>>> print(open('run.cif').read())   # mmCIF, C-alpha atoms (C1' of nucleotides)
data_final
loop_
_atom_site.group_PDB
_atom_site.id
_atom_site.type_symbol
_atom_site.label_atom_id
_atom_site.label_comp_id
_atom_site.auth_asym_id
_atom_site.auth_seq_id
_atom_site.Cartn_x
_atom_site.Cartn_y
_atom_site.Cartn_z
ATOM 1 C CA MET A 1 15.623 7.063 -3.523
ATOM 2 C CA ARG A 2 13.527 5.220 -6.015
ATOM 3 C CA LYS A 3 15.005 3.964 -9.212
ATOM 4 C CA GLU A 4 14.250 5.892 -12.352
ATOM 5 C CA THR A 5 13.253 2.859 -14.314
ATOM 6 C CA SER A 6 11.808 -0.471 -13.349
ATOM 7 C CA THR A 7 8.749 -2.370 -14.379
ATOM 8 C CA ASN A 8 7.438 -1.766 -10.904
ATOM 9 C CA LEU A 9 7.680 1.999 -11.247
ATOM 10 C CA GLU A 10 6.420 1.996 -14.816
ATOM 11 C CA ASN A 11 3.368 0.034 -13.799
ATOM 12 C CA GLU A 12 2.696 2.417 -10.951
ATOM 13 C CA LYS A 13 2.887 5.430 -13.247
ATOM 14 C CA LEU A 14 0.617 3.878 -15.838
ATOM 15 C CA ILE A 15 -1.978 3.032 -13.238
ATOM 16 C CA LEU A 16 -1.914 6.442 -11.585
ATOM 17 C CA ALA A 17 -2.354 8.088 -14.978
ATOM 18 C CA SER A 18 -5.353 6.007 -15.942
ATOM 19 C CA CYS A 19 -7.187 5.142 -12.732
ATOM 20 C CA GLY A 20 -8.606 7.784 -10.419
ATOM 21 C CA THR A 21 -9.307 5.204 -7.761
ATOM 22 C CA SER A 22 -5.664 4.166 -7.630
ATOM 23 C CA TYR A 23 -4.588 7.774 -7.586
ATOM 24 C CA THR A 24 -6.666 8.527 -4.513
ATOM 25 C CA LEU A 25 -5.489 5.351 -2.822
ATOM 26 C CA ASP A 26 -1.917 6.310 -3.554
ATOM 27 C CA LEU A 27 -2.301 9.621 -1.732
ATOM 28 C CA ILE A 28 -4.017 8.336 1.389
ATOM 29 C CA GLY A 29 -2.681 4.783 1.459
ATOM 30 C CA GLY A 30 0.416 5.081 3.634
ATOM 31 C CA ARG A 31 0.219 3.084 6.823
ATOM 32 C CA TRP A 32 -0.259 6.047 9.152
ATOM 33 C CA LYS A 33 -1.870 8.513 6.779
ATOM 34 C CA PRO A 34 -5.502 7.755 7.574
ATOM 35 C CA GLN A 35 -4.800 8.283 11.258
ATOM 36 C CA ILE A 36 -3.040 11.553 10.598
ATOM 37 C CA LEU A 37 -5.829 12.791 8.359
ATOM 38 C CA TRP A 38 -8.544 11.854 10.856
ATOM 39 C CA ARG A 39 -6.723 13.596 13.678
ATOM 40 C CA LEU A 40 -6.347 16.779 11.671
ATOM 41 C CA LEU A 41 -9.964 16.608 10.588
ATOM 42 C CA LEU A 42 -11.028 16.321 14.206
ATOM 43 C CA GLN A 43 -8.607 18.785 15.743
ATOM 44 C CA GLY A 44 -8.161 21.249 12.932
ATOM 45 C CA CYS A 45 -4.564 21.955 13.808
ATOM 46 C CA MET A 46 -1.895 20.004 15.640
ATOM 47 C CA ARG A 47 1.733 20.411 16.588
ATOM 48 C CA TYR A 48 4.196 17.714 15.666
ATOM 49 C CA SER A 49 4.503 16.618 19.270
ATOM 50 C CA GLN A 50 0.746 16.330 19.623
ATOM 51 C CA LEU A 51 0.547 14.080 16.617
ATOM 52 C CA LYS A 52 3.432 11.982 17.870
ATOM 53 C CA ASN A 53 1.967 11.605 21.340
ATOM 54 C CA SER A 54 -1.427 10.655 19.975
ATOM 55 C CA MET A 55 0.139 7.876 17.895
ATOM 56 C CA PRO A 56 2.522 6.091 20.267
ATOM 57 C CA ASN A 57 3.441 3.324 17.837
ATOM 58 C CA VAL A 58 4.875 5.310 14.961
ATOM 59 C CA SER A 59 8.568 5.935 14.937
ATOM 60 C CA GLU A 60 9.542 9.548 14.485
ATOM 61 C CA ARG A 61 11.187 8.911 11.164
ATOM 62 C CA ILE A 62 8.110 7.289 9.699
ATOM 63 C CA LEU A 63 5.782 9.926 11.080
ATOM 64 C CA ILE A 64 7.882 12.641 9.511
ATOM 65 C CA LEU A 65 7.980 10.716 6.240
ATOM 66 C CA GLN A 66 4.221 10.381 6.123
ATOM 67 C CA LEU A 67 3.775 14.048 6.974
ATOM 68 C CA ARG A 68 6.224 15.061 4.243
ATOM 69 C CA GLU A 69 4.386 12.990 1.659
ATOM 70 C CA LEU A 70 1.027 14.421 2.654
ATOM 71 C CA GLU A 71 2.556 17.874 2.412
ATOM 72 C CA GLN A 72 4.066 17.200 -1.004
ATOM 73 C CA ASP A 73 0.695 15.978 -2.194
ATOM 74 C CA MET A 74 -0.836 19.236 -0.925
ATOM 75 C CA LEU A 75 -3.162 17.539 1.521
ATOM 76 C CA ILE A 76 -1.677 19.177 4.615
ATOM 77 C CA SER A 77 0.231 22.363 5.285
ATOM 78 C CA ARG A 78 3.163 22.865 7.615
ATOM 79 C CA GLN A 79 3.668 26.107 9.462
ATOM 80 C CA VAL A 80 6.940 26.782 11.239
ATOM 81 C CA TYR A 81 7.205 29.334 14.034
ATOM 82 C CA PRO A 82 10.763 30.663 14.343
ATOM 83 C CA GLU A 83 11.026 30.060 18.067
ATOM 84 C CA VAL A 84 13.207 28.082 20.384
ATOM 85 C CA PRO A 85 12.303 25.418 21.152
ATOM 86 C CA PRO A 86 10.803 25.005 17.693
ATOM 87 C CA LYS A 87 7.094 24.965 17.046
ATOM 88 C CA VAL A 88 5.508 23.447 13.950
ATOM 89 C CA GLU A 89 1.825 23.193 13.224
ATOM 90 C CA TYR A 90 0.118 20.912 10.757
ATOM 91 C CA ARG A 91 -3.348 21.352 9.333
ATOM 92 C CA LEU A 92 -5.399 20.219 6.360
ATOM 93 C CA THR A 93 -5.360 22.272 3.201
ATOM 94 C CA GLU A 94 -8.517 22.916 1.199
ATOM 95 C CA LEU A 95 -7.627 19.879 -0.867
ATOM 96 C CA GLY A 96 -7.170 17.850 2.291
ATOM 97 C CA LEU A 97 -10.508 18.978 3.649
ATOM 98 C CA SER A 98 -12.144 17.917 0.399
ATOM 99 C CA LEU A 99 -11.199 14.350 1.295
ATOM 100 C CA LYS A 100 -13.629 14.352 4.197
ATOM 101 C CA PRO A 101 -16.499 12.589 2.389
ATOM 102 C CA VAL A 102 -14.047 10.094 0.907
ATOM 103 C CA LEU A 103 -12.631 9.258 4.321
ATOM 104 C CA CYS A 104 -16.104 8.990 5.801
ATOM 105 C CA CYS A 105 -17.110 6.626 3.041
ATOM 106 C CA LEU A 106 -14.088 4.400 3.574
ATOM 107 C CA SER A 107 -14.511 4.489 7.301
ATOM 108 C CA GLN A 108 -18.178 3.609 7.285
ATOM 109 C CA TRP A 109 -17.690 0.655 4.967
ATOM 110 C CA GLY A 110 -14.783 -0.570 7.056
ATOM 111 C CA ASP A 111 -16.580 -0.209 10.359
ATOM 112 C CA ALA A 112 -19.643 -1.954 8.955
ATOM 113 C CA ASN A 113 -17.788 -4.876 7.460
ATOM 114 C CA ARG A 114 -14.674 -5.710 9.384
ATOM 115 C CA PRO A 115 -14.854 -8.563 11.835
ATOM 116 C CA ASN A 116 -13.688 -8.484 15.442
ATOM 117 C CA ARG A 117 -14.298 -4.868 16.158
ATOM 118 C CA VAL A 118 -12.808 -4.081 19.492
ATOM 119 C CA VAL A 119 -13.053 -0.393 20.028
ATOM 120 C CA SER A 120 -14.885 2.462 18.453
ATOM 121 C CA SER A 121 -12.827 4.084 15.781
ATOM 122 C CA ASP A 122 -11.736 7.633 15.310
ATOM 123 C CA SER A 123 -14.152 8.112 12.503
ATOM 124 C CA GLU A 124 -17.171 7.462 14.665
ATOM 125 C CA VAL A 125 -16.398 10.505 16.692
ATOM 126 C CA LEU A 126 -16.510 12.531 13.533
ATOM 127 C CA SER A 127 -19.458 10.748 12.010
ATOM 128 C CA GLU A 128 -21.606 11.934 14.869
ATOM 129 C CA GLU A 129 -20.794 15.487 13.980
ATOM 130 C CA LEU A 130 -21.840 15.193 10.371
ATOM 131 C CA MET B 1 5.100 -16.140 4.344
ATOM 132 C CA ARG B 2 4.933 -13.238 6.686
ATOM 133 C CA LYS B 3 6.668 -13.360 9.983
ATOM 134 C CA GLU B 4 4.587 -14.081 13.037
ATOM 135 C CA THR B 5 5.980 -11.241 15.048
ATOM 136 C CA SER B 6 7.532 -7.942 14.108
ATOM 137 C CA THR B 7 6.800 -4.363 14.944
ATOM 138 C CA ASN B 8 5.675 -3.935 11.390
ATOM 139 C CA LEU B 9 3.066 -6.655 11.649
ATOM 140 C CA GLU B 10 1.985 -5.609 15.133
ATOM 141 C CA ASN B 11 1.415 -2.076 13.955
ATOM 142 C CA GLU B 12 -0.604 -3.296 11.024
ATOM 143 C CA LYS B 13 -2.815 -5.419 13.255
ATOM 144 C CA LEU B 14 -3.383 -2.605 15.710
ATOM 145 C CA ILE B 15 -4.354 -0.207 12.972
ATOM 146 C CA LEU B 16 -6.705 -2.626 11.235
ATOM 147 C CA ALA B 17 -8.418 -3.318 14.550
ATOM 148 C CA SER B 18 -8.984 0.317 15.382
ATOM 149 C CA CYS B 19 -9.393 2.173 12.103
ATOM 150 C CA GLY B 20 -12.140 1.347 9.633
ATOM 151 C CA THR B 21 -10.568 3.542 7.004
ATOM 152 C CA SER B 22 -7.330 1.579 7.118
ATOM 153 C CA TYR B 23 -9.252 -1.681 7.044
ATOM 154 C CA THR B 24 -11.016 -0.736 3.836
ATOM 155 C CA LEU B 25 -7.786 0.503 2.302
ATOM 156 C CA ASP B 26 -6.119 -2.750 3.225
ATOM 157 C CA LEU B 27 -8.697 -4.760 1.293
ATOM 158 C CA ILE B 28 -8.728 -2.715 -1.901
ATOM 159 C CA GLY B 29 -5.232 -1.281 -1.802
ATOM 160 C CA GLY B 30 -3.210 -3.815 -3.794
ATOM 161 C CA ARG B 31 -1.688 -2.407 -6.922
ATOM 162 C CA TRP B 32 -4.043 -4.118 -9.361
ATOM 163 C CA LYS B 33 -7.073 -4.551 -7.154
ATOM 164 C CA PRO B 34 -8.931 -1.390 -8.136
ATOM 165 C CA GLN B 35 -8.617 -2.342 -11.789
ATOM 166 C CA ILE B 36 -9.867 -5.842 -11.119
ATOM 167 C CA LEU B 37 -12.803 -4.586 -9.081
ATOM 168 C CA TRP B 38 -13.801 -2.008 -11.702
ATOM 169 C CA ARG B 39 -13.675 -4.605 -14.456
ATOM 170 C CA LEU B 40 -15.873 -6.990 -12.527
ATOM 171 C CA LEU B 41 -18.257 -4.199 -11.648
ATOM 172 C CA LEU B 42 -18.558 -3.303 -15.315
ATOM 173 C CA GLN B 43 -18.622 -6.799 -16.791
ATOM 174 C CA GLY B 44 -20.297 -8.721 -14.015
ATOM 175 C CA CYS B 45 -18.317 -11.868 -14.706
ATOM 176 C CA MET B 46 -14.975 -12.543 -16.309
ATOM 177 C CA ARG B 47 -12.770 -15.497 -17.063
ATOM 178 C CA TYR B 48 -9.188 -15.447 -15.898
ATOM 179 C CA SER B 49 -7.945 -15.045 -19.459
ATOM 180 C CA GLN B 50 -10.253 -12.086 -20.031
ATOM 181 C CA LEU B 51 -8.914 -10.336 -16.970
ATOM 182 C CA LYS B 52 -5.364 -11.069 -17.989
ATOM 183 C CA ASN B 53 -5.844 -9.825 -21.544
ATOM 184 C CA SER B 54 -7.533 -6.654 -20.346
ATOM 185 C CA MET B 55 -4.557 -5.872 -18.108
ATOM 186 C CA PRO B 56 -1.494 -6.475 -20.270
ATOM 187 C CA ASN B 57 1.014 -5.206 -17.724
ATOM 188 C CA VAL B 58 0.324 -7.535 -14.833
ATOM 189 C CA SER B 59 2.357 -10.671 -14.604
ATOM 190 C CA GLU B 60 0.341 -13.832 -14.188
ATOM 191 C CA ARG B 61 1.733 -14.500 -10.762
ATOM 192 C CA ILE B 62 0.739 -11.116 -9.453
ATOM 193 C CA LEU B 63 -2.685 -11.221 -11.041
ATOM 194 C CA ILE B 64 -3.361 -14.577 -9.411
ATOM 195 C CA LEU B 65 -2.075 -13.249 -6.092
ATOM 196 C CA GLN B 66 -4.368 -10.251 -6.181
ATOM 197 C CA LEU B 67 -7.317 -12.435 -7.160
ATOM 198 C CA ARG B 68 -6.585 -14.854 -4.330
ATOM 199 C CA GLU B 69 -6.450 -12.041 -1.795
ATOM 200 C CA LEU B 70 -9.710 -10.566 -3.028
ATOM 201 C CA GLU B 71 -11.225 -14.034 -2.810
ATOM 202 C CA GLN B 72 -9.923 -14.600 0.718
ATOM 203 C CA ASP B 73 -11.373 -11.272 1.741
ATOM 204 C CA MET B 74 -14.730 -12.384 0.299
ATOM 205 C CA LEU B 75 -14.901 -9.590 -2.237
ATOM 206 C CA ILE B 76 -14.914 -11.865 -5.274
ATOM 207 C CA SER B 77 -15.926 -15.454 -5.936
ATOM 208 C CA ARG B 78 -14.165 -17.983 -8.095
ATOM 209 C CA GLN B 79 -16.107 -20.596 -10.010
ATOM 210 C CA VAL B 80 -14.271 -23.501 -11.592
ATOM 211 C CA TYR B 81 -15.778 -25.496 -14.420
ATOM 212 C CA PRO B 82 -14.321 -29.016 -14.558
ATOM 213 C CA GLU B 83 -13.437 -28.890 -18.235
ATOM 214 C CA VAL B 84 -10.347 -29.201 -20.354
ATOM 215 C CA PRO B 85 -8.960 -26.748 -21.102
ATOM 216 C CA PRO B 86 -9.934 -25.299 -17.714
ATOM 217 C CA LYS B 87 -12.462 -22.518 -17.318
ATOM 218 C CA VAL B 88 -12.605 -20.252 -14.295
ATOM 219 C CA GLU B 89 -14.970 -17.367 -13.777
ATOM 220 C CA TYR B 90 -14.588 -14.516 -11.344
ATOM 221 C CA ARG B 91 -17.353 -12.222 -10.164
ATOM 222 C CA LEU B 92 -18.081 -9.890 -7.266
ATOM 223 C CA THR B 93 -19.766 -11.225 -4.161
ATOM 224 C CA GLU B 94 -22.487 -9.299 -2.374
ATOM 225 C CA LEU B 95 -19.781 -7.830 -0.186
ATOM 226 C CA GLY B 96 -17.794 -6.863 -3.240
ATOM 227 C CA LEU B 97 -20.807 -5.223 -4.830
ATOM 228 C CA SER B 98 -21.318 -3.225 -1.656
ATOM 229 C CA LEU B 99 -18.008 -1.520 -2.390
ATOM 230 C CA LYS B 100 -19.496 0.195 -5.429
ATOM 231 C CA PRO B 101 -20.238 3.538 -3.747
ATOM 232 C CA VAL B 102 -16.851 3.476 -2.060
ATOM 233 C CA LEU B 103 -15.065 2.911 -5.358
ATOM 234 C CA CYS B 104 -17.131 5.601 -7.035
ATOM 235 C CA CYS B 105 -16.235 8.025 -4.278
ATOM 236 C CA LEU B 106 -12.525 7.295 -4.571
ATOM 237 C CA SER B 107 -12.638 7.451 -8.322
ATOM 238 C CA GLN B 108 -14.480 10.738 -8.503
ATOM 239 C CA TRP B 109 -12.138 12.445 -6.083
ATOM 240 C CA GLY B 110 -9.132 11.089 -7.969
ATOM 241 C CA ASP B 111 -10.421 12.074 -11.379
ATOM 242 C CA ALA B 112 -11.298 15.526 -10.109
ATOM 243 C CA ASN B 113 -7.984 16.193 -8.427
ATOM 244 C CA ARG B 114 -5.161 14.426 -10.160
ATOM 245 C CA PRO B 115 -3.043 16.426 -12.538
ATOM 246 C CA ASN B 116 -2.103 15.395 -16.066
ATOM 247 C CA ARG B 117 -5.140 13.387 -16.910
ATOM 248 C CA VAL B 118 -4.523 11.656 -20.177
ATOM 249 C CA VAL B 119 -7.379 9.328 -20.827
ATOM 250 C CA SER B 120 -10.799 8.790 -19.424
ATOM 251 C CA SER B 121 -10.776 6.257 -16.673
ATOM 252 C CA ASP B 122 -12.698 3.077 -16.228
ATOM 253 C CA SER B 123 -14.833 4.605 -13.582
ATOM 254 C CA GLU B 124 -16.270 7.215 -15.890
ATOM 255 C CA VAL B 125 -17.851 4.515 -17.940
ATOM 256 C CA LEU B 126 -19.596 3.314 -14.842
ATOM 257 C CA SER B 127 -20.396 6.733 -13.468
ATOM 258 C CA GLU B 128 -22.528 7.418 -16.480
ATOM 259 C CA GLU B 129 -24.638 4.434 -15.643
ATOM 260 C CA LEU B 130 -25.385 5.509 -12.102
ATOM 261 C "C1'" DT C 1 28.509 24.672 32.770
ATOM 262 C "C1'" DA C 2 24.814 21.405 32.404
ATOM 263 C "C1'" DT C 3 20.134 20.152 31.326
ATOM 264 C "C1'" DA C 4 15.732 20.404 29.095
ATOM 265 C "C1'" DG C 5 12.544 20.755 25.351
ATOM 266 C "C1'" DT C 6 11.144 20.569 20.285
ATOM 267 C "C1'" DA C 7 11.328 19.025 15.765
ATOM 268 C "C1'" DC C 8 13.722 16.990 13.341
ATOM 269 C "C1'" DT C 9 18.015 14.154 10.259
ATOM 270 C "C1'" DA C 10 21.256 10.271 9.000
ATOM 271 C "C1'" DA C 11 22.904 5.677 8.658
ATOM 272 C "C1'" DC C 12 21.510 1.389 8.871
ATOM 273 C "C1'" DA C 13 18.404 -2.907 9.125
ATOM 274 C "C1'" DT C 14 14.348 -5.533 8.219
ATOM 275 C "C1'" DC C 15 10.063 -6.776 6.104
ATOM 276 C "C1'" DA C 16 6.641 -6.910 2.506
ATOM 277 C "C1'" DA C 17 5.073 -6.211 -2.279
ATOM 278 C "C1'" DT C 18 5.918 -6.790 -6.842
ATOM 279 C "C1'" DG C 19 8.154 -8.796 -10.970
ATOM 280 C "C1'" DT C 20 10.668 -12.695 -14.034
ATOM 281 C "C1'" DA C 21 11.118 -16.953 -16.066
ATOM 282 C "C1'" DA C 22 10.154 -21.427 -16.468
ATOM 283 C "C1'" DG C 23 7.330 -25.357 -15.694
ATOM 284 C "C1'" DT C 24 2.728 -28.252 -14.771
ATOM 285 C "C1'" DA C 25 -1.803 -30.810 -15.696
ATOM 286 C "C1'" DT C 26 -5.325 -32.160 -18.741
ATOM 287 C "C1'" DG C 27 -7.674 -34.039 -22.796
ATOM 288 C "C1'" DA C 28 -9.126 -32.772 -27.506
ATOM 289 C "C1'" DG C 29 -7.858 -32.678 -32.074
ATOM 290 C "C1'" DA C 30 -4.063 -32.984 -36.062
ATOM 291 C "C1'" DT D 1 2.496 -39.249 -30.894
ATOM 292 C "C1'" DC D 2 2.550 -34.237 -30.865
ATOM 293 C "C1'" DT D 3 0.704 -29.742 -30.296
ATOM 294 C "C1'" DC D 4 -2.644 -26.473 -28.353
ATOM 295 C "C1'" DA D 5 -5.237 -23.936 -24.960
ATOM 296 C "C1'" DT D 6 -6.247 -22.619 -20.146
ATOM 297 C "C1'" DA D 7 -5.310 -21.571 -15.599
ATOM 298 C "C1'" DC D 8 -2.356 -21.873 -12.965
ATOM 299 C "C1'" DT D 9 2.464 -23.037 -9.639
ATOM 300 C "C1'" DT D 10 7.374 -22.757 -8.286
ATOM 301 C "C1'" DA D 11 11.791 -20.773 -7.424
ATOM 302 C "C1'" DC D 12 14.073 -16.833 -7.597
ATOM 303 C "C1'" DA D 13 15.177 -11.655 -7.958
ATOM 304 C "C1'" DT D 14 14.242 -6.898 -7.333
ATOM 305 C "C1'" DT D 15 12.021 -2.902 -5.462
ATOM 306 C "C1'" DG D 16 9.801 -0.321 -2.050
ATOM 307 C "C1'" DA D 17 7.899 0.498 2.668
ATOM 308 C "C1'" DT D 18 8.630 0.457 7.327
ATOM 309 C "C1'" DG D 19 11.360 0.327 11.685
ATOM 310 C "C1'" DT D 20 15.762 1.208 14.965
ATOM 311 C "C1'" DT D 21 19.134 3.879 16.951
ATOM 312 C "C1'" DA D 22 21.764 7.608 17.586
ATOM 313 C "C1'" DG D 23 22.616 12.284 16.849
ATOM 314 C "C1'" DT D 24 21.735 17.612 15.685
ATOM 315 C "C1'" DA D 25 20.476 22.723 16.424
ATOM 316 C "C1'" DC D 26 18.925 26.086 19.207
ATOM 317 C "C1'" DT D 27 18.255 28.908 23.434
ATOM 318 C "C1'" DA D 28 16.248 29.440 27.995
ATOM 319 C "C1'" DT D 29 16.682 28.111 32.550
ATOM 320 C "C1'" DA D 30 19.000 25.715 36.720
#
>>> encode(input="run.cif", output="structure tokens")
Amino acid sequence: MRKETSTNLENEKLILASCGTSYTLDLIGGRWKPQILWRLLLQGCMRYSQLKNSMPNVSERILILQLRELEQDMLISRQVYPEVPPKVEYRLTELGLSLKPVLCCLSQWGDANRPNRVVSSDSEVLSEEL
Amino acid sequence: MRKETSTNLENEKLILASCGTSYTLDLIGGRWKPQILWRLLLQGCMRYSQLKNSMPNVSERILILQLRELEQDMLISRQVYPEVPPKVEYRLTELGLSLKPVLCCLSQWGDANRPNRVVSSDSEVLSEEL
DNA sequence: TATAGTACTAACATCAATGTAAGTATGAGA
DNA sequence: TCTCATACTTACATTGATGTTAGTACTATA
């Protein structure tokens, strides 16, 4: 739980209230969030296990955390099927889909300017479809 | 100093090497970096004291840290005039200027979608000039 | 009765980012 | 000799983000 008061938190609030850029960065800036968003953009809909298997380095706790935050921020939706074993599907909301040009923009700048590119990135797969 | 090895650091490296989106976010994602970049975009060139006075809530240490990181990442340049009292000017590099459309994109999405907007944001001033 | 599969949760541990307070170097001008 | 202004630096403290490990609930199937 975060503290209710601290300069740190106050500063964050002030910035989010006055800077749209920071607000957007706050929503998509978690370590694994870009990867999650790209996967859902590409696939449309994924089960929890699919996401987990496609990102071998995230721990389950962190993956869940990132998904919960994206859900709270209305960027993704979570659909539970009352079955056993459980089945949960994640997909982008309308708001999440509206991030597509933003993500493309970030991705293109990054791919154009980062050094030591090793592999082609997720975004390139999508870029070709645009 | 960051540790040389840790899952945390390894994950970060892997992501930066494979995801352009995350790379871009890594460069501009510090708490005060968007504000610094917008100011330099708008003003072209600012002294350290000008930056500091225009952002009353940053501590000097943190402001310097963010400036140093932006400088290391080649987004801004730092020009020292050998005078007393000292004079230091910061401005965007070519690479930094190339972020303009990216910042506009982030800012527009944020301004359009965040709730509880109180004041007009820095970016709007610039948007009008585009 | 035991095992398997799915999507988690809880308690704990570590690492990184941010913030606080005080101090430094320099030379011009009072 | 003392103060002022500028652009920092240093040592320390706090906050927040990320990672580890073990465990849970549920039923169908072996």
>>> interface_residues(input="run.cif", of="chain A", to="chain B", cutoff="9 Å", atoms="all atoms listed in the file", output="number ranges by chain")
A: 7, 11-12, 15-26, 28-29, 31-35, 57-58, 95, 98-99, 101-123
>>> interface_residues(input="run.cif", of="chain C", to="chain A", cutoff="9 Å", atoms="all atoms listed in the file", output="list in words")
DG5, DT6, DA7, DC8, DT9, DT18 and DG19 of chain C
>>> closest_residue(input="run.cif", among="A:Met74, A:Arg91, A:Glu69, A:Lys100", to="Gln43 in chain A", atoms="only C-alpha atoms")
A:Arg91
>>> closest_atom_pairs(input="run.cif", of="chain D", to="chain B", cutoff="12 Å", atoms="all atoms listed in the file", output="CSV")
residue,atom,partner,partner_atom,distance
D:DC4,C1',B:Pro85,CA,9.6
D:DA5,C1',B:Pro85,CA,6.1
D:DT6,C1',B:Pro85,CA,5.0
D:DA7,C1',B:Pro86,CA,6.3
D:DC8,C1',B:Ile64,CA,8.2
D:DT9,C1',B:Arg61,CA,8.6
D:DT10,C1',B:Arg61,CA,10.3
D:DA17,C1',B:Asn8,CA,10.0
D:DT18,C1',B:Asn8,CA,6.7
D:DG19,C1',B:Asn8,CA,7.1
D:DT20,C1',B:Thr7,CA,10.6
>>> resolve_selection(input="run.cif", expression="the PyMOL selection byres ((chain B and resi 45) around 10)", output="tab-separated table (two decimals) with C-alpha atoms, keeping the file's coordinate frame")
chain	number	residue	atom	x	y	z
B	39	ARG	CA	-13.68	-4.61	-14.46
B	40	LEU	CA	-15.87	-6.99	-12.53
B	41	LEU	CA	-18.26	-4.20	-11.65
B	42	LEU	CA	-18.56	-3.30	-15.32
B	43	GLN	CA	-18.62	-6.80	-16.79
B	44	GLY	CA	-20.30	-8.72	-14.02
B	46	MET	CA	-14.98	-12.54	-16.31
B	47	ARG	CA	-12.77	-15.50	-17.06
B	48	TYR	CA	-9.19	-15.45	-15.90
B	50	GLN	CA	-10.25	-12.09	-20.03
B	51	LEU	CA	-8.91	-10.34	-16.97
B	77	SER	CA	-15.93	-15.45	-5.94
B	78	ARG	CA	-14.16	-17.98	-8.10
B	89	GLU	CA	-14.97	-17.37	-13.78
B	90	TYR	CA	-14.59	-14.52	-11.34
B	91	ARG	CA	-17.35	-12.22	-10.16
B	92	LEU	CA	-18.08	-9.89	-7.27
>>> resolve_selection(input="run.cif", expression="the PyMOL selection byres ((chain D and resi 30) around 12)", output="ChimeraX atom specification")
/C:1-4 /D:28-29
>>> write_last_selection(input="run.cif", atoms="C-alpha atoms (C1' of nucleotides)", output="CSV table (one decimal), in the coordinates of the input")
chain,number,residue,atom,x,y,z
C,1,DT,C1',28.5,24.7,32.8
C,2,DA,C1',24.8,21.4,32.4
C,3,DT,C1',20.1,20.2,31.3
C,4,DA,C1',15.7,20.4,29.1
D,28,DA,C1',16.2,29.4,28.0
D,29,DT,C1',16.7,28.1,32.6
>>> resolve_selection(input="run.cif", expression="the PyMOL selection byres ((chain D and resi 22) around 10)", output="list in words")
DA10 and DA11 of chain C; DT20, DT21 and DG23 of chain D
>>> atom_distance(input="run.cif", atom1="CA of Gly96 in chain A", atom2="CA of Leu37 in chain A")
8.0 Å
>>> atom_distance(input="run.cif", atom1="CA of Ile76 in chain B", atom2="C1' of DT24 in chain C")
25.9 Å
>>> atom_distance(input="run.cif", atom1="C1' of DG16 in chain D", atom2="CA of Ile62 in chain B")
15.9 Å
>>> axis_aligned_box(input="run.cif", around="range 101-111 of chain A", padding_each_side="3 Å", output="lines of an AutoDock Vina configuration file")
center_x = -15.4
center_y = 6.0
center_z = 5.6
size_x = 11.5
size_y = 19.2
size_z = 15.5
